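Peer 1: Dumping the structure here so I can ask a few things about it.
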Amino acid sequence: MTRVPPIRIPLLAALAALLCVGTYCQSNTSLDAAHTNSSTTVTQDSQHLESSIRTEMDFLASDKLQGRGSATHDEYLAAEYAAAQFQAMGLKPGAKDGSYLQHVPLPQTLPPLARRLLANLDHTPRVATTNVIAILPGSDPALRNQVILLTAHLDHLGMAAEKSGDYIYHGADDDASGCIAVMELARNLAAGPAPRRTVIFALFGSEELGGLGNAGFLDHPPIPLKNIVANLEFEMIGWPDPAIATGKLWLSGYDRSNFGATLAQHGAPLVPDPHTRESFFQRSDNYGLAQRGIIAHTVSSFGLQPEYHTPADDISHIDFPLMTHSILAIEPPIQWLANTDWKPKWNPGGKP
């Protein structure tokens with residue numbers, strides 16, 4: 001199985017080109033040599049994957065995207081970039097207008113938490129947020145109406161209101177890392193035989209403002225919500241969590257369903273969330289889906305690092321070998337999930 005490498009777009013040219021709505025950039029520029037750890041011998045697959053991850057991270061967490069602030073033009077540029085990647089993979093667009101981009105108007109009055117957050121951030125106009133939706137249709141007539149939903153959130157905090165020092169909240173781990181995981185899982189699935197089930201890849205806007213992009217997706221889904229068998233949200237997988245074993249990822253709300261344990265039986269490096277006091281199950285886009293009855297959890301390796309929600313969440317702090325290992329390790333269980341007829345269930349008392 002051969003991965004389709006990410007489209008490499010020189011950053012300044014990309015920003016100019018992406019100003020044209022619906023225009024997706026193509027480039028024949030070859031990938032740079034993989035940035036490998038000189039003390040570590042890695043396989044060719046992991047070298048290629050790590051190079052792809054670095055390419056995508058260099059764009060999404062760059063200064064030029066100014067922190068991908070929720071419902072800003074920078075968030076929109078990131079959405080266009082992700083749409084270009086999905087298009088290059090041959091995935092079908094999932095928005096109602098036949099594109100990959102779902103535009104969600106913001107409410108006239110934002111939630112109190114969002115207003116408090118924005119008080120200290122750049123005072124740019126925020127009118128609508130953007131989701132990116134791509135579809136890999138299933139091949140089995142009996143299973144193609146069953147959907148596996150893989151998600152992350154595209155936005156971060158953007159820029160501080162006070163433009164001094166390091167004022168860009170790059171959001172490399174939160175959540176460029178999750179977006180890259182979703183794009184790489186899409187790349188892996190698209191490169192092989194079509195799965196039996198349909199897989200939808202969605203990157204939500206304005207998660208930081210209270211899941212507003214996700215809410216728009218739920219109100220205007222590309223398929224009936226009852227068709228979604230399960231959702232995995234990928235949130236902050238670029239830093240190691242010292243509370244769990246090396247090479248593992250934790251799953252929020254692990255004991256709420258049989259989803260995590262079953263994926264672990266099929267090789268997923270998943271363990272229960274060690275930070276139950278933080279209520280992470282309720283703090284990401286998976287929760288809106290779970291409230292609609294969909295089995296939905298978040299995959300993470302966040303270890304309560306002090307760089308969280310600061311400008312220091314930048315590329316220099318990303319553990320690229322960890323991200324590479326995590327994505328490679330989760331690929332086979334996702335392949336299994338996309339090709340089985342098994343459905344997860346809530347455990348007693350687990351459904352929110």
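Chain labels follow the order of the structure tokens: the first chain is A, the next B, and so on; residue numbering restarts at 1 in every chain, and ligands are counted from 1 in their shown order.
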Write out as a ChimeraX atom specification the set of residues from region 75-249 of chain A that DSSP, computed on the backbone, places in strand (DSSP E or B).

Peer 2: /A:92-93,101-105,121,128-136,147-153,156,158-160,168-169,198-204,228-234,249

Peer 1: From the options A:Leu110, A:Val127, A:Leu117, A:Ala79, which residue's atoms come nearest to Leu60 (chain A), counting only C-alpha atoms?

Peer 2: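 Smallest separation from Leu60 (chain A) among the options: A:Ala79.
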
Peer 1: Using backbone DSSP assignments, extract all helix (DSSP H, G or I) residues from region 78-323 of chain A; output them as a ChimeraX atom specification.

Peer 2: /A:78-88,112-118,172-190,212-219,225-227,254-256,259-265,276-278,280-282,286-291,315-317,320-323

Peer 1: CA of Glu208 (chain A) and CA of Ala78 (chain A), how far apart in Å?

Peer 2: 15.3 Å

Peer 1: Extract, using only C-alpha atoms, all DNA, RNA and protein residues at most 8 Å from region 159-163 of chain A, discarding same-chain residues fewer than 2 positions from it, and format them as number ranges by chain.

Peer 2: A: 66-67, 69, 120-123, 157, 165-169

Peer 1: Which distance in Å separates CA of Glu307 (chain A) and CA of His156 (chain A), to one decimal?

Peer 2: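 Separating CA of Glu307 (chain A) from CA of His156 (chain A) is a distance of 13.5 Å.
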
Peer 1: Return as a tab-separated table the residues of region 300-336 of chain A lying at most 8 Å from region 223-242 of chain A, together with the closest atom-to-atom pair for each and the distance in Å to one decimal, counting only C-alpha atoms, with rows in chain order and ascending residue number.

Peer 2:
```
residue	atom	partner	partner_atom	distance
A:Ser300	CA	A:Ile237	CA	5.1
A:Ser301	CA	A:Ile237	CA	4.9
A:Phe302	CA	A:Asp241	CA	5.5
A:Gly303	CA	A:Asp241	CA	4.0
A:Leu304	CA	A:Asp241	CA	7.7
A:His317	CA	A:Trp239	CA	7.6
A:Ile318	CA	A:Gly238	CA	5.2
A:Asp319	CA	A:Gly238	CA	5.5
A:Phe320	CA	A:Gly238	CA	6.9
A:Leu322	CA	A:Gly238	CA	6.8
A:Met323	CA	A:Gly238	CA	5.5
A:Ser326	CA	A:Ile237	CA	7.8
```

Peer 1: With N, CA and C atoms retained, could you export that selection as a PDB file, in the first residue's frame?

Peer 2:
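Output below, filename result20.pdb:
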```pdb
ATOM      1  N   SER A 300      -6.164  10.755  22.858  1.00  0.00           N
ATOM      2  CA  SER A 300      -5.207  11.808  23.200  1.00  0.00           C
ATOM      3  C   SER A 300      -3.983  11.215  23.894  1.00  0.00           C
ATOM      4  N   SER A 301      -2.935  12.036  23.965  1.00  0.00           N
ATOM      5  CA  SER A 301      -1.795  11.728  24.837  1.00  0.00           C
ATOM      6  C   SER A 301      -1.425  12.959  25.655  1.00  0.00           C
ATOM      7  N   PHE A 302      -2.371  13.855  25.823  1.00  0.00           N
ATOM      8  CA  PHE A 302      -2.139  15.094  26.568  1.00  0.00           C
ATOM      9  C   PHE A 302      -1.834  14.787  28.027  1.00  0.00           C
ATOM     10  N   GLY A 303      -0.730  15.325  28.508  1.00  0.00           N
ATOM     11  CA  GLY A 303      -0.292  15.052  29.870  1.00  0.00           C
ATOM     12  C   GLY A 303      -0.308  16.274  30.771  1.00  0.00           C
ATOM     13  N   LEU A 304      -1.246  17.200  30.526  1.00  0.00           N
ATOM     14  CA  LEU A 304      -1.398  18.418  31.337  1.00  0.00           C
ATOM     15  C   LEU A 304      -0.153  19.291  31.290  1.00  0.00           C
ATOM     16  N   HIS A 317       7.941  21.973  20.318  1.00  0.00           N
ATOM     17  CA  HIS A 317       7.595  21.085  21.422  1.00  0.00           C
ATOM     18  C   HIS A 317       6.936  19.782  20.971  1.00  0.00           C
ATOM     19  N   ILE A 318       6.720  19.617  19.678  1.00  0.00           N
ATOM     20  CA  ILE A 318       6.058  18.406  19.190  1.00  0.00           C
ATOM     21  C   ILE A 318       7.029  17.235  19.180  1.00  0.00           C
ATOM     22  N   ASP A 319       6.570  16.104  19.677  1.00  0.00           N
ATOM     23  CA  ASP A 319       7.336  14.855  19.651  1.00  0.00           C
ATOM     24  C   ASP A 319       6.939  14.111  18.377  1.00  0.00           C
ATOM     25  N   PHE A 320       7.676  14.344  17.296  1.00  0.00           N
ATOM     26  CA  PHE A 320       7.299  13.765  16.004  1.00  0.00           C
ATOM     27  C   PHE A 320       7.406  12.242  15.973  1.00  0.00           C
ATOM     28  N   LEU A 322       6.792  10.265  18.428  1.00  0.00           N
ATOM     29  CA  LEU A 322       5.594   9.818  19.149  1.00  0.00           C
ATOM     30  C   LEU A 322       4.367   9.885  18.244  1.00  0.00           C
ATOM     31  N   MET A 323       4.189  11.009  17.546  1.00  0.00           N
ATOM     32  CA  MET A 323       3.044  11.134  16.648  1.00  0.00           C
ATOM     33  C   MET A 323       3.080  10.055  15.568  1.00  0.00           C
ATOM     34  N   SER A 326       2.153   6.712  17.038  1.00  0.00           N
ATOM     35  CA  SER A 326       0.740   6.652  17.417  1.00  0.00           C
ATOM     36  C   SER A 326      -0.159   6.447  16.203  1.00  0.00           C
TER      37      SER A 326
END
```

Peer 1: With distances taken over only C-alpha atoms, which residue among A:Pro274, A:Gly213, A:Pro6, A:Gly158 lies nearest Pro311 (chain A)?

Peer 2: A:Gly158

Peer 1: Set the distance at 12 Å and use only C-alpha atoms: which residues neighbour Asp140 (chain A) once local chain neighbours fewer than 6 positions away are removed? I'd like the list as a count of residues only.

Peer 2: 12

Peer 1: For a quick check of understanding, using only C-alpha atoms, which of A:Ser70, A:Thr124, A:Ala134, A:Pro333 has the smallest distance to Ser99 (chain A)?

Peer 2: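 Distance minimum relative to Ser99 (chain A) lands on A:Ala134.
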
Peer 1: Using only C-alpha atoms for the distances, tell me which of A:Glu184, A:Glu207, A:Asp63, A:Asp175 is nearest to Arg283 (chain A).

Peer 2: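 Going through A:Glu184, A:Glu207, A:Asp63, A:Asp175 one by one, the smallest distance to Arg283 (chain A) is for A:Glu207.
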
Peer 1: Go through A:Ile315, A:Leu337, A:Leu203, A:Met183 one by one, measure the shortest atom-to-atom distance of each to Leu49 (chain A) using only C-alpha atoms, and give the residue with the smallest value.

Peer 2: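 Closest to Leu49 (chain A), using only C-alpha atoms: A:Met183.
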